[in-house]
>>> print(open('protein_9.txt').read())   # compact mmCIF, C-alpha atoms
# COMPACT_ATOMS: atom_id res chain seq x y z
CA MET A 5 102.36 134.29 164.70
CA THR A 6 101.78 130.83 163.25
CA PRO A 7 104.88 129.75 161.26
CA LEU A 8 104.41 129.33 157.53
CA THR A 9 104.11 125.82 156.15
CA LEU A 10 106.61 124.58 153.58
CA LEU A 11 103.91 124.96 150.92
CA GLN A 12 103.22 128.58 151.93
CA GLN A 13 106.94 129.37 151.90
CA ALA A 14 107.38 127.80 148.48
CA PHE A 15 104.33 129.65 147.13
CA GLN A 16 105.67 132.99 148.37
CA ARG A 17 108.93 132.38 146.54
CA THR A 18 107.24 131.73 143.16
CA ILE A 19 107.70 134.26 140.38
CA TYR A 20 104.25 133.63 138.90
CA PRO A 21 101.50 133.12 141.51
CA VAL A 22 98.32 132.35 139.57
CA GLY A 23 95.33 133.47 141.65
CA GLY A 24 94.00 136.71 143.13
CA HIS A 25 95.05 140.28 142.49
CA GLY A 26 98.32 140.36 144.39
CA LYS A 27 99.72 140.69 147.89
CA ARG A 28 97.57 142.44 150.48
CA ASN A 29 100.20 144.88 151.69
CA ILE A 30 100.54 148.63 152.23
CA GLN A 31 100.93 149.14 148.48
CA VAL A 32 97.19 148.46 148.11
CA LEU A 33 96.48 151.69 150.02
CA LYS A 34 99.44 153.65 148.66
CA GLU A 35 98.20 153.14 145.10
CA VAL A 36 94.83 154.59 146.07
CA LEU A 37 96.26 157.59 147.92
CA ASN A 38 98.50 158.44 144.97
CA HIS A 39 95.29 159.25 143.06
CA CYS A 40 93.77 161.44 145.79
CA GLU A 41 94.11 165.14 146.53
CA ASP A 42 95.89 165.92 149.79
CA GLU A 43 93.13 168.29 150.89
CA LEU A 44 90.29 165.83 150.36
CA ASP A 45 88.09 165.92 153.48
CA SER A 46 87.38 162.68 155.29
CA ASP A 47 83.93 161.45 156.25
CA ASN A 48 82.73 162.17 159.77
CA TYR A 49 80.59 159.63 161.67
CA GLY A 50 78.85 158.48 158.48
CA SER A 51 78.30 161.90 156.92
CA GLY A 52 80.09 164.18 154.48
CA PRO A 53 80.42 164.24 150.68
CA LEU A 54 83.08 161.48 150.59
CA ILE A 55 80.84 158.78 152.04
CA GLU A 56 77.48 160.17 150.91
CA ASP A 57 78.47 160.53 147.25
CA PHE A 58 79.86 156.99 147.20
CA GLN A 59 76.73 155.59 148.84
CA ASN A 60 74.57 157.35 146.26
CA ASP A 61 76.69 155.96 143.43
CA MET A 62 76.33 152.43 144.80
CA ALA A 63 72.57 152.81 145.29
CA ARG A 64 72.27 153.69 141.59
CA PHE A 65 74.49 150.76 140.65
CA PHE A 66 72.22 148.34 142.53
CA GLY A 67 69.03 150.05 141.37
CA LYS A 68 68.00 150.68 144.98
CA GLU A 69 66.71 153.82 146.73
CA SER A 70 69.72 154.17 149.00
CA ALA A 71 72.83 152.46 150.34
CA VAL A 72 74.99 152.53 153.47
CA PHE A 73 78.72 151.85 153.76
CA PHE A 74 79.72 149.43 156.54
CA PRO A 75 83.15 148.50 157.87
CA SER A 76 82.32 144.78 157.47
CA GLY A 77 79.90 142.50 155.67
CA THR A 78 79.35 140.49 158.86
CA MET A 79 77.92 143.58 160.51
CA ALA A 80 75.88 144.59 157.46
CA GLN A 81 74.21 141.22 156.95
CA GLN A 82 73.33 140.58 160.59
CA ILE A 83 71.75 144.02 160.69
CA ALA A 84 69.81 143.41 157.48
CA LEU A 85 68.33 140.19 158.85
CA ARG A 86 67.55 141.85 162.20
CA ILE A 87 65.62 144.62 160.46
CA TRP A 88 63.56 142.17 158.41
CA CYS A 89 62.84 140.00 161.46
CA ASP A 90 61.66 143.01 163.47
CA ALA A 91 59.51 144.21 160.58
CA GLN A 92 57.89 140.78 160.12
CA GLY A 93 57.57 139.97 163.81
CA ILE A 94 59.28 136.61 163.18
CA LYS A 95 62.71 135.76 164.60
CA LYS A 96 63.55 133.13 162.00
CA VAL A 97 65.47 133.32 158.73
CA ALA A 98 66.55 130.70 156.20
CA TYR A 99 69.80 130.24 154.30
CA HIS A 100 72.28 127.67 152.96
CA PRO A 101 74.08 125.39 155.47
CA LEU A 102 77.43 126.80 154.29
CA SER A 103 76.40 130.44 154.51
CA HIS A 104 79.01 132.79 155.96
CA LEU A 105 76.59 133.54 158.81
CA GLU A 106 76.47 129.88 159.74
CA ILE A 107 80.13 128.84 159.54
CA HIS A 108 82.26 131.98 159.99
CA GLU A 109 80.52 134.27 162.49
CA GLU A 110 80.62 132.37 165.81
CA GLY A 111 76.84 132.25 166.05
CA GLY A 112 76.56 136.03 165.94
CA LEU A 113 73.03 136.08 164.54
CA LYS A 114 71.74 133.98 167.43
CA GLU A 115 73.89 135.42 170.22
CA LEU A 116 73.50 139.10 169.30
CA HIS A 117 70.01 139.12 167.80
CA GLN A 118 68.29 135.95 169.08
CA ILE A 119 67.46 135.00 165.49
CA GLU A 120 67.06 131.33 164.62
CA ALA A 121 68.46 130.07 161.32
CA ILE A 122 66.67 127.44 159.26
CA LEU A 123 69.18 125.62 157.04
CA LEU A 124 67.91 124.76 153.56
CA THR A 125 69.05 121.91 151.30
CA ASP A 126 72.19 119.73 151.52
CA GLN A 127 75.63 121.26 151.90
CA ASP A 128 76.73 120.38 148.38
CA LYS A 129 73.61 121.69 146.65
CA LEU A 130 72.21 125.09 145.71
CA ILE A 131 68.95 126.33 147.23
CA ARG A 132 66.06 125.68 144.82
CA LEU A 133 62.49 126.91 144.72
CA GLU A 134 61.27 123.54 145.99
CA ASP A 135 63.40 123.95 149.13
CA VAL A 136 61.67 127.24 149.90
CA VAL A 137 58.19 125.95 149.09
CA GLN A 138 58.72 122.94 151.38
CA LEU A 139 59.60 125.08 154.41
CA LYS A 140 57.56 123.92 157.37
CA GLU A 141 58.10 127.08 159.44
CA ASP A 142 57.33 130.76 158.95
CA ILE A 143 60.42 132.85 158.25
CA ALA A 144 60.94 136.60 158.03
CA CYS A 145 63.65 136.48 155.39
CA LEU A 146 65.39 134.15 152.95
CA LEU A 147 69.06 134.80 152.25
CA LEU A 148 70.59 133.68 148.94
CA GLU A 149 74.34 133.85 148.31
CA LEU A 150 75.41 134.59 144.73
CA PRO A 151 77.76 132.96 143.95
CA GLN A 152 77.80 130.17 146.58
CA ARG A 153 81.44 130.29 147.56
CA GLU A 154 81.81 127.16 149.66
CA ILE A 155 80.68 124.89 146.81
CA GLY A 156 82.92 126.32 144.13
CA GLY A 157 81.16 129.56 143.27
CA GLN A 158 78.09 127.84 141.83
CA LEU A 159 75.04 129.81 140.68
CA PRO A 160 71.40 128.90 140.14
CA ALA A 161 69.79 129.64 136.79
CA TYR A 162 68.38 133.15 136.47
CA GLU A 163 64.91 131.67 135.94
CA GLU A 164 65.23 129.94 139.32
CA LEU A 165 66.01 133.28 140.97
CA VAL A 166 62.97 134.86 139.34
CA ALA A 167 60.76 132.01 140.56
CA ILE A 168 62.11 132.20 144.13
CA SER A 169 61.68 135.98 144.18
CA ALA A 170 58.09 135.75 142.96
CA TYR A 171 57.25 133.07 145.54
CA CYS A 172 58.76 135.11 148.39
CA ARG A 173 56.82 138.21 147.39
CA GLU A 174 53.62 136.19 147.15
CA LYS A 175 54.17 134.78 150.66
CA GLY A 176 55.41 138.03 152.21
CA ILE A 177 58.95 136.68 152.80
CA LYS A 178 61.74 139.23 152.48
CA LEU A 179 64.56 138.21 150.14
CA HIS A 180 68.12 139.31 150.95
CA LEU A 181 71.09 138.92 148.62
CA ASP A 182 74.46 137.95 150.05
CA GLY A 183 76.22 139.43 147.06
CA ALA A 184 79.69 139.51 148.60
CA ARG A 185 80.97 138.60 145.12
CA LEU A 186 78.01 139.89 143.12
CA LEU A 187 80.16 141.41 140.38
CA GLU A 188 81.62 137.98 139.65
CA ALA A 189 78.14 136.57 138.98
CA LEU A 190 77.13 139.14 136.38
CA PRO A 191 79.02 137.72 133.33
CA TYR A 192 77.30 134.34 133.71
CA TYR A 193 73.84 135.86 134.00
CA GLN A 194 74.55 138.51 131.36
CA LYS A 195 72.55 140.91 133.53
CA THR A 196 73.33 144.21 135.21
CA ALA A 197 73.62 144.40 138.97
CA ALA A 198 70.36 146.37 139.04
CA GLU A 199 68.54 143.65 137.08
CA ILE A 200 69.68 140.99 139.57
CA CYS A 201 69.02 143.17 142.62
CA GLU A 202 65.51 144.00 141.43
CA LEU A 203 64.59 140.49 142.55
CA PHE A 204 65.75 141.18 146.13
CA ASP A 205 64.53 143.45 148.95
CA SER A 206 68.07 144.13 150.18
CA VAL A 207 71.59 143.44 148.99
CA TYR A 208 75.10 143.40 150.44
CA MET A 209 78.39 143.48 148.53
CA SER A 210 81.98 143.25 149.77
CA PHE A 211 84.73 145.61 148.67
CA TYR A 212 87.74 143.49 149.66
CA LYS A 213 86.96 140.11 148.13
CA GLY A 214 86.81 140.06 144.34
CA ILE A 215 87.18 143.85 144.15
CA GLY A 216 90.40 143.87 146.16
CA GLY A 217 89.93 146.90 148.43
CA ILE A 218 91.19 147.06 152.01
CA ALA A 219 87.90 146.30 153.77
CA GLY A 220 84.30 147.42 153.87
CA ALA A 221 80.88 146.56 152.49
CA ILE A 222 77.74 148.19 151.16
CA LEU A 223 74.15 147.46 152.16
CA ALA A 224 71.41 148.69 149.86
CA GLY A 225 67.62 148.68 149.80
CA GLY A 226 64.65 150.96 150.34
CA GLU A 227 65.02 154.29 152.12
CA ALA A 228 63.28 153.17 155.32
CA PHE A 229 65.41 150.00 155.43
CA THR A 230 68.74 151.83 155.05
CA GLN A 231 67.79 154.54 157.55
CA GLU A 232 67.12 151.84 160.12
CA SER A 233 70.38 150.13 159.18
CA LYS A 234 72.23 153.34 160.13
CA VAL A 235 70.76 153.14 163.62
CA TRP A 236 71.90 149.55 163.98
CA LYS A 237 75.29 150.45 162.53
CA ARG A 238 75.71 152.94 165.39
CA ARG A 239 74.57 150.32 167.91
CA HIS A 240 77.13 147.85 166.56
CA GLY A 241 79.95 150.36 166.87
CA GLY A 242 80.28 150.63 163.10
CA ASP A 243 80.05 154.43 162.99
CA LEU A 244 83.78 155.08 163.29
CA ILE A 245 84.76 158.73 163.30
CA SER A 246 85.96 158.16 159.73
CA LEU A 247 86.10 155.27 157.30
CA TYR A 248 87.83 157.08 154.45
CA PRO A 249 90.75 154.63 153.88
CA TYR A 250 88.15 151.91 153.27
CA ILE A 251 85.85 154.11 151.20
CA LEU A 252 88.64 155.46 149.01
CA SER A 253 90.02 151.98 148.33
CA ALA A 254 86.52 150.62 147.71
CA ALA A 255 85.73 153.34 145.18
CA TYR A 256 89.12 153.10 143.48
CA TYR A 257 89.26 149.32 143.01
CA PHE A 258 85.57 149.07 142.17
CA LYS A 259 86.19 151.47 139.29
CA GLN A 260 89.35 149.59 138.27
CA ARG A 261 87.86 146.09 138.28
CA GLN A 262 84.09 146.16 137.78
CA PHE A 263 84.48 145.77 134.01
CA LYS A 264 87.19 143.07 134.26
CA MET A 265 84.87 140.39 135.65
CA ARG A 266 84.12 138.86 132.24
CA GLN A 267 87.87 138.58 131.57
CA TYR A 268 88.40 136.88 134.94
CA TYR A 269 85.47 134.54 134.25
CA GLU A 270 86.83 133.49 130.85
CA GLU A 271 90.30 132.99 132.34
CA ALA A 272 88.81 130.78 135.07
CA ILE A 273 87.25 128.55 132.39
CA GLU A 274 90.64 128.36 130.66
CA LEU A 275 92.47 127.47 133.88
CA ALA A 276 89.88 124.88 134.96
CA ALA A 277 90.37 123.10 131.64
CA LEU A 278 94.11 122.84 132.37
CA TYR A 279 93.37 121.30 135.77
CA ASN A 280 90.82 118.86 134.38
CA ASP A 281 93.36 117.66 131.83
CA CYS A 282 95.52 116.35 134.68
CA PRO A 283 95.16 112.82 136.06
CA ALA A 284 93.46 112.50 139.47
CA VAL A 285 92.24 116.13 139.26
CA GLU A 286 88.70 117.49 138.96
CA THR A 287 87.33 120.99 139.38
CA LEU A 288 84.02 121.95 140.97
CA PRO A 289 82.21 123.01 138.85
CA VAL A 290 83.87 121.23 135.93
CA VAL A 291 83.20 124.37 133.89
CA PRO A 292 83.24 127.41 136.20
CA VAL A 293 80.28 129.80 136.21
CA THR A 294 82.26 132.62 137.86
CA ASN A 295 85.94 133.48 138.26
CA MET A 296 86.02 131.01 141.18
CA PHE A 297 86.15 127.22 141.42
CA HIS A 298 87.48 124.45 143.64
CA VAL A 299 90.18 121.94 142.70
CA HIS A 300 89.96 118.37 144.06
CA ILE A 301 92.99 116.09 143.75
CA ARG A 302 92.97 112.41 144.64
CA LEU A 303 96.20 112.37 146.62
CA PRO A 304 96.90 112.44 150.38
CA LYS A 305 97.55 115.98 151.62
CA GLU A 306 101.17 115.43 152.66
CA LYS A 307 102.07 113.75 149.37
CA LEU A 308 100.48 116.53 147.32
CA GLU A 309 102.19 119.23 149.39
CA THR A 310 105.57 117.66 148.63
CA LEU A 311 104.71 117.45 144.94
CA LEU A 312 103.56 121.07 144.72
CA VAL A 313 106.63 122.41 146.54
CA ALA A 314 108.82 120.62 144.01
CA MET A 315 106.71 121.96 141.15
CA TYR A 316 106.92 125.56 142.40
CA GLU A 317 110.70 125.31 142.68
CA ALA A 318 111.02 123.72 139.23
CA THR A 319 108.66 126.02 137.29
CA GLY A 320 108.32 129.26 139.29
CA VAL A 321 104.53 128.99 138.97
CA GLY A 322 102.45 128.94 142.17
CA LEU A 323 98.98 127.36 142.13
CA THR A 324 97.93 127.49 145.79
CA ALA A 325 99.37 128.31 149.21
CA TYR A 326 97.17 125.85 151.11
CA LEU A 327 95.49 122.45 150.88
CA LYS A 328 92.35 121.32 152.69
CA GLU A 329 92.18 117.64 153.55
CA VAL A 330 88.95 116.11 152.24
CA SER A 331 89.77 112.51 153.14
CA GLU A 332 92.83 110.36 153.77
CA THR A 333 93.28 110.05 150.02
CA SER A 334 92.20 113.45 148.68
CA CYS A 335 92.45 117.17 149.26
CA ALA A 336 91.18 120.39 147.73
CA PHE A 337 91.80 124.12 147.40
CA GLU A 338 89.98 127.19 146.11
CA VAL A 339 90.96 129.15 143.03
CA TRP A 340 89.78 132.64 142.18
CA ILE A 341 91.05 134.61 139.24
CA GLY A 342 92.05 138.25 139.41
CA ASP A 343 94.75 140.46 137.92
CA ARG A 344 97.59 138.02 138.55
CA TYR A 345 96.49 135.38 136.05
CA GLY A 346 96.98 137.62 133.04
CA GLN A 347 100.55 138.34 134.20
CA VAL A 348 101.61 134.69 133.94
CA PRO A 349 103.23 133.95 130.55
CA LYS A 350 101.23 131.26 128.71
CA LYS A 351 104.37 129.21 128.05
CA LYS A 352 105.24 129.22 131.76
CA LEU A 353 101.72 128.14 132.69
CA ALA A 354 101.68 125.37 130.08
CA HIS A 355 105.08 124.13 131.28
CA ALA A 356 103.86 124.07 134.88
CA PHE A 357 100.83 121.97 134.01
CA GLU A 358 102.89 119.57 131.90
CA TRP A 359 105.17 119.17 134.93
CA LEU A 360 102.13 118.56 137.14
CA LYS A 361 100.61 115.99 134.75
CA THR A 362 103.87 114.07 134.55
CA ALA A 363 104.29 114.07 138.32
CA LEU A 364 100.71 112.94 138.97
CA ARG A 365 101.07 110.06 136.50
CA ALA A 366 104.15 108.91 138.38
CA VAL A 367 102.58 108.71 141.86
>>> encode(input="protein_9.txt", output="structure tokens")
Amino acid sequence: MTPLTLLQQAFQRTIYPVGGHGKRNIQVLKEVLNHCEDELDSDNYGSGPLIEDFQNDMARFFGKESAVFFPSGTMAQQIALRIWCDAQGIKKVAYHPLSHLEIHEEGGLKELHQIEAILLTDQDKLIRLEDVVQLKEDIACLLLELPQREIGGQLPAYEELVAISAYCREKGIKLHLDGARLLEALPYYQKTAAEICELFDSVYMSFYKGIGGIAGAILAGGEAFTQESKVWKRRHGGDLISLYPYILSAAYYFKQRQFKMRQYYEEAIELAALYNDCPAVETLPVVPVTNMFHVHIRLPKEKLETLLVAMYEATGVGLTAYLKEVSETSCAFEVWIGDRYGQVPKKKLAHAFEWLKTALRAV
């Protein structure tokens, strides 16, 4: 096991960690099981009321004909793109350069499915209609991620989504939604999940990210699409004899948190303003459009780590457990707001940021 850094150790000792929902420990599952009947039957190789009822509920939520529960989003999305490529007879798809498929999956799409990825736009920009129109190659499917995590949870305007969807349908290009954090995008758009998903041919959502379950994902679309996804799920080894710990936690925390996303979003705006009031600090976006944003600080990584450790010990408030070096003179970290933020007393938070402002002015 990799030893914890001094910053991670200091963060773990804080009384008031700011981001996320809480520690990912056994209590996450125990809380769920405390609300379940002991005689509740598990699912069995993808069938049974437990999994089928939940899939039907999620299909209605997305406004799609049907949905399938997967143990991971990586599996679900690769399968979705494989199905669309086979249907179109084209082994090419397009997505953002910082898509999860491109930077976190060890080339799985290419190695497992022989699918070529066309990368659209620059890394620090959102995909726009003009990027799609200017494609020089035929593609089977375009994948859009809402929100775009690696650039601070940014979102395109709803009108842009409508235009991209209409263009794809006109050209016969399938449109897939990487909605890992789809719930977090809804307050900004002021739309239901079904209204957003109506623009897409298929959609995936995670149950462990913003929702806070143990693991698992849902893939939704038309009946023929999801039936074929079940075949590929079996081929990928995703049909475990039972997935009920994941399904139960997904259902429980989805119910607990789906209506809290506007609160998290408003709290993110509040927290970003505190960061932007500090010298040498800027958030991306400056005003968040979801409950997620990035914090950039113009200090060398080692110097900022030392400063934050001292701040955590002095105030008991923890802002981040890690720093990513951007250059020799700056670093960054991601913030996403969940249940924890509302548990931090406002006076404690204000004191922590006053401490931070004073310290940054002094360096």
>>> closest_residue(input="protein_9.txt", among="A:Glu163, A:Ser246, A:Leu8, A:Leu364", to="Ser46 of chain A", atoms="all atoms listed in the file")
A:Ser246
>>> closest_residue(input="protein_9.txt", among="A:Cys282, A:Leu275, A:Ile155, A:Ile200", to="Asn295 of chain A", atoms="all atoms listed in the file")
A:Leu275
>>> residues_near_point(input="protein_9.txt", point="(113.4, 125.1, 146.2)", cutoff="12 Å", atoms="all atoms listed in the file", output="PDB file with C-alpha atoms, keeping the file's coordinate frame")
ATOM      1  CA  LEU A  10     106.610 124.580 153.580  1.00  0.00           C
ATOM      2  CA  LEU A  11     103.910 124.960 150.920  1.00  0.00           C
ATOM      3  CA  GLN A  13     106.940 129.370 151.900  1.00  0.00           C
ATOM      4  CA  ALA A  14     107.380 127.800 148.480  1.00  0.00           C
ATOM      5  CA  PHE A  15     104.330 129.650 147.130  1.00  0.00           C
ATOM      6  CA  GLN A  16     105.670 132.990 148.370  1.00  0.00           C
ATOM      7  CA  ARG A  17     108.930 132.380 146.540  1.00  0.00           C
ATOM      8  CA  THR A  18     107.240 131.730 143.160  1.00  0.00           C
ATOM      9  CA  THR A 310     105.570 117.660 148.630  1.00  0.00           C
ATOM     10  CA  LEU A 311     104.710 117.450 144.940  1.00  0.00           C
ATOM     11  CA  LEU A 312     103.560 121.070 144.720  1.00  0.00           C
ATOM     12  CA  VAL A 313     106.630 122.410 146.540  1.00  0.00           C
ATOM     13  CA  ALA A 314     108.820 120.620 144.010  1.00  0.00           C
ATOM     14  CA  MET A 315     106.710 121.960 141.150  1.00  0.00           C
ATOM     15  CA  TYR A 316     106.920 125.560 142.400  1.00  0.00           C
ATOM     16  CA  GLU A 317     110.700 125.310 142.680  1.00  0.00           C
ATOM     17  CA  ALA A 318     111.020 123.720 139.230  1.00  0.00           C
ATOM     18  CA  THR A 319     108.660 126.020 137.290  1.00  0.00           C
ATOM     19  CA  GLY A 320     108.320 129.260 139.290  1.00  0.00           C
TER      20      GLY A 320
END
>>> atom_distance(input="protein_9.txt", atom1="atom CA of Thr362 of chain A", atom2="atom CA of Pro304 of chain A")
17.4 Å
>>> residues_around(input="protein_9.txt", residues="Gly93 of chain A", least_positions_apart="3", cutoff="8 Å", atoms="all atoms listed in the file", output="short mmCIF file (atom, residue, chain, number, x, y, z; two decimals) with C-alpha atoms, in the coordinates of the input")
data_model
loop_
_atom_site.label_atom_id
_atom_site.label_comp_id
_atom_site.auth_asym_id
_atom_site.auth_seq_id
_atom_site.Cartn_x
_atom_site.Cartn_y
_atom_site.Cartn_z
CA CYS A 89 62.84 140.00 161.46
CA ASP A 90 61.66 143.01 163.47
CA ALA A 144 60.94 136.60 158.03
#
>>> atom_distance(input="protein_9.txt", atom1="atom CA of Lys129 of chain A", atom2="atom CA of Gln152 of chain A")
9.5 Å
>>> closest_residue(input="protein_9.txt", among="A:Leu113, A:Val339, A:Leu179, A:Ala219", to="Lys95 of chain A", atoms="all atoms listed in the file")
A:Leu113
>>> residues_around(input="protein_9.txt", residues="Tyr49 of chain A", least_positions_apart="2", cutoff="9 Å", atoms="only C-alpha atoms", output="count of residues only")
8
>>> atom_distance(input="protein_9.txt", atom1="atom CA of Lys361 of chain A", atom2="atom CA of Glu309 of chain A")
15.1 Å
>>> closest_residue(input="protein_9.txt", among="A:Glu271, A:Asp182, A:Asp343, A:Glu199", to="Ala80 of chain A", atoms="all atoms listed in the file")
A:Asp182
>>> residues_around(input="protein_9.txt", residues="Gly77 of chain A", least_positions_apart="6", cutoff="7 Å", atoms="only C-alpha atoms", output="list in words")
Ser210, Gly220 and Ala221 of chain A
>>> write_last_selection(input="protein_9.txt", atoms="C-alpha atoms", output="mmCIF file, in the coordinates of the input")
data_model
loop_
_atom_site.group_PDB
_atom_site.id
_atom_site.type_symbol
_atom_site.label_atom_id
_atom_site.label_comp_id
_atom_site.auth_asym_id
_atom_site.auth_seq_id
_atom_site.Cartn_x
_atom_site.Cartn_y
_atom_site.Cartn_z
ATOM 1 C CA SER A 210 81.980 143.250 149.770
ATOM 2 C CA GLY A 220 84.300 147.420 153.870
ATOM 3 C CA ALA A 221 80.880 146.560 152.490
#
>>> residues_near_point(input="protein_9.txt", point="(93.5, 119.1, 150.6)", cutoff="12 Å", atoms="all atoms listed in the file", output="PyMOL selection string")
chain A and resi 11+285+298-309+312+324-338
>>> residues_around(input="protein_9.txt", residues="Tyr269 of chain A", least_positions_apart="5", cutoff="9 Å", atoms="all atoms listed in the file", output="ChimeraX atom specification")
/A:188-189,191-192,264,274,292-296,341
>>> closest_residue(input="protein_9.txt", among="A:Gly242, A:Gly225, A:Pro349, A:Pro283", to="His180 of chain A", atoms="all atoms listed in the file")
A:Gly225
>>> decode(input="protein_9.txt", residues="segment 145-152 of chain A", atoms="all heavy atoms", output="PDB file, in the first residue's frame")
ATOM      1  N   CYS A 145     -20.873   6.936 -33.969  1.00  0.00           N
ATOM      2  CA  CYS A 145     -21.474   7.499 -32.753  1.00  0.00           C
ATOM      3  C   CYS A 145     -20.639   8.661 -32.239  1.00  0.00           C
ATOM      4  O   CYS A 145     -19.397   8.635 -32.310  1.00  0.00           O
ATOM      5  CB  CYS A 145     -21.560   6.406 -31.681  1.00  0.00           C
ATOM      6  SG  CYS A 145     -22.323   6.921 -30.118  1.00  0.00           S
ATOM      7  N   LEU A 146     -21.320   9.662 -31.717  1.00  0.00           N
ATOM      8  CA  LEU A 146     -20.688  10.772 -31.003  1.00  0.00           C
ATOM      9  C   LEU A 146     -21.029  10.626 -29.530  1.00  0.00           C
ATOM     10  O   LEU A 146     -22.192  10.428 -29.171  1.00  0.00           O
ATOM     11  CB  LEU A 146     -21.210  12.106 -31.534  1.00  0.00           C
ATOM     12  CG  LEU A 146     -20.837  13.357 -30.721  1.00  0.00           C
ATOM     13  CD1 LEU A 146     -19.336  13.607 -30.743  1.00  0.00           C
ATOM     14  CD2 LEU A 146     -21.600  14.577 -31.242  1.00  0.00           C
ATOM     15  N   LEU A 147     -20.014  10.712 -28.676  1.00  0.00           N
ATOM     16  CA  LEU A 147     -20.224  10.657 -27.230  1.00  0.00           C
ATOM     17  C   LEU A 147     -20.018  12.047 -26.649  1.00  0.00           C
ATOM     18  O   LEU A 147     -19.006  12.688 -26.895  1.00  0.00           O
ATOM     19  CB  LEU A 147     -19.238   9.664 -26.596  1.00  0.00           C
ATOM     20  CG  LEU A 147     -19.274   9.510 -25.069  1.00  0.00           C
ATOM     21  CD1 LEU A 147     -18.891   8.076 -24.672  1.00  0.00           C
ATOM     22  CD2 LEU A 147     -18.355  10.496 -24.355  1.00  0.00           C
ATOM     23  N   LEU A 148     -20.999  12.507 -25.877  1.00  0.00           N
ATOM     24  CA  LEU A 148     -20.888  13.767 -25.137  1.00  0.00           C
ATOM     25  C   LEU A 148     -20.930  13.464 -23.647  1.00  0.00           C
ATOM     26  O   LEU A 148     -21.773  12.682 -23.185  1.00  0.00           O
ATOM     27  CB  LEU A 148     -22.029  14.722 -25.492  1.00  0.00           C
ATOM     28  CG  LEU A 148     -22.106  15.237 -26.927  1.00  0.00           C
ATOM     29  CD1 LEU A 148     -23.288  16.188 -27.067  1.00  0.00           C
ATOM     30  CD2 LEU A 148     -20.812  15.932 -27.346  1.00  0.00           C
ATOM     31  N   GLU A 149     -20.039  14.080 -22.891  1.00  0.00           N
ATOM     32  CA  GLU A 149     -20.013  13.921 -21.439  1.00  0.00           C
ATOM     33  C   GLU A 149     -20.625  15.156 -20.787  1.00  0.00           C
ATOM     34  O   GLU A 149     -20.190  16.275 -21.032  1.00  0.00           O
ATOM     35  CB  GLU A 149     -18.570  13.740 -20.943  1.00  0.00           C
ATOM     36  CG  GLU A 149     -18.474  13.570 -19.434  1.00  0.00           C
ATOM     37  CD  GLU A 149     -17.033  13.489 -18.942  1.00  0.00           C
ATOM     38  OE1 GLU A 149     -16.102  13.424 -19.773  1.00  0.00           O
ATOM     39  OE2 GLU A 149     -16.843  13.507 -17.708  1.00  0.00           O
ATOM     40  N   LEU A 150     -21.653  14.933 -19.974  1.00  0.00           N
ATOM     41  CA  LEU A 150     -22.327  16.015 -19.249  1.00  0.00           C
ATOM     42  C   LEU A 150     -22.369  15.681 -17.758  1.00  0.00           C
ATOM     43  O   LEU A 150     -23.007  14.701 -17.378  1.00  0.00           O
ATOM     44  CB  LEU A 150     -23.770  16.190 -19.754  1.00  0.00           C
ATOM     45  CG  LEU A 150     -24.004  16.470 -21.240  1.00  0.00           C
ATOM     46  CD1 LEU A 150     -25.489  16.580 -21.525  1.00  0.00           C
ATOM     47  CD2 LEU A 150     -23.286  17.726 -21.682  1.00  0.00           C
ATOM     48  N   PRO A 151     -21.728  16.477 -16.918  1.00  0.00           N
ATOM     49  CA  PRO A 151     -20.798  17.552 -17.232  1.00  0.00           C
ATOM     50  C   PRO A 151     -19.417  17.015 -17.598  1.00  0.00           C
ATOM     51  O   PRO A 151     -19.120  15.849 -17.336  1.00  0.00           O
ATOM     52  CB  PRO A 151     -20.736  18.335 -15.915  1.00  0.00           C
ATOM     53  CG  PRO A 151     -21.001  17.298 -14.861  1.00  0.00           C
ATOM     54  CD  PRO A 151     -21.974  16.340 -15.466  1.00  0.00           C
ATOM     55  N   GLN A 152     -18.559  17.883 -18.188  1.00  0.00           N
ATOM     56  CA  GLN A 152     -17.221  17.482 -18.618  1.00  0.00           C
ATOM     57  C   GLN A 152     -16.279  17.592 -17.422  1.00  0.00           C
ATOM     58  O   GLN A 152     -15.758  18.646 -17.102  1.00  0.00           O
ATOM     59  CB  GLN A 152     -16.741  18.375 -19.767  1.00  0.00           C
ATOM     60  CG  GLN A 152     -15.505  17.871 -20.483  1.00  0.00           C
ATOM     61  CD  GLN A 152     -15.824  16.738 -21.446  1.00  0.00           C
ATOM     62  OE1 GLN A 152     -16.739  16.839 -22.241  1.00  0.00           O
ATOM     63  NE2 GLN A 152     -15.051  15.666 -21.365  1.00  0.00           N
TER      64      GLN A 152
END
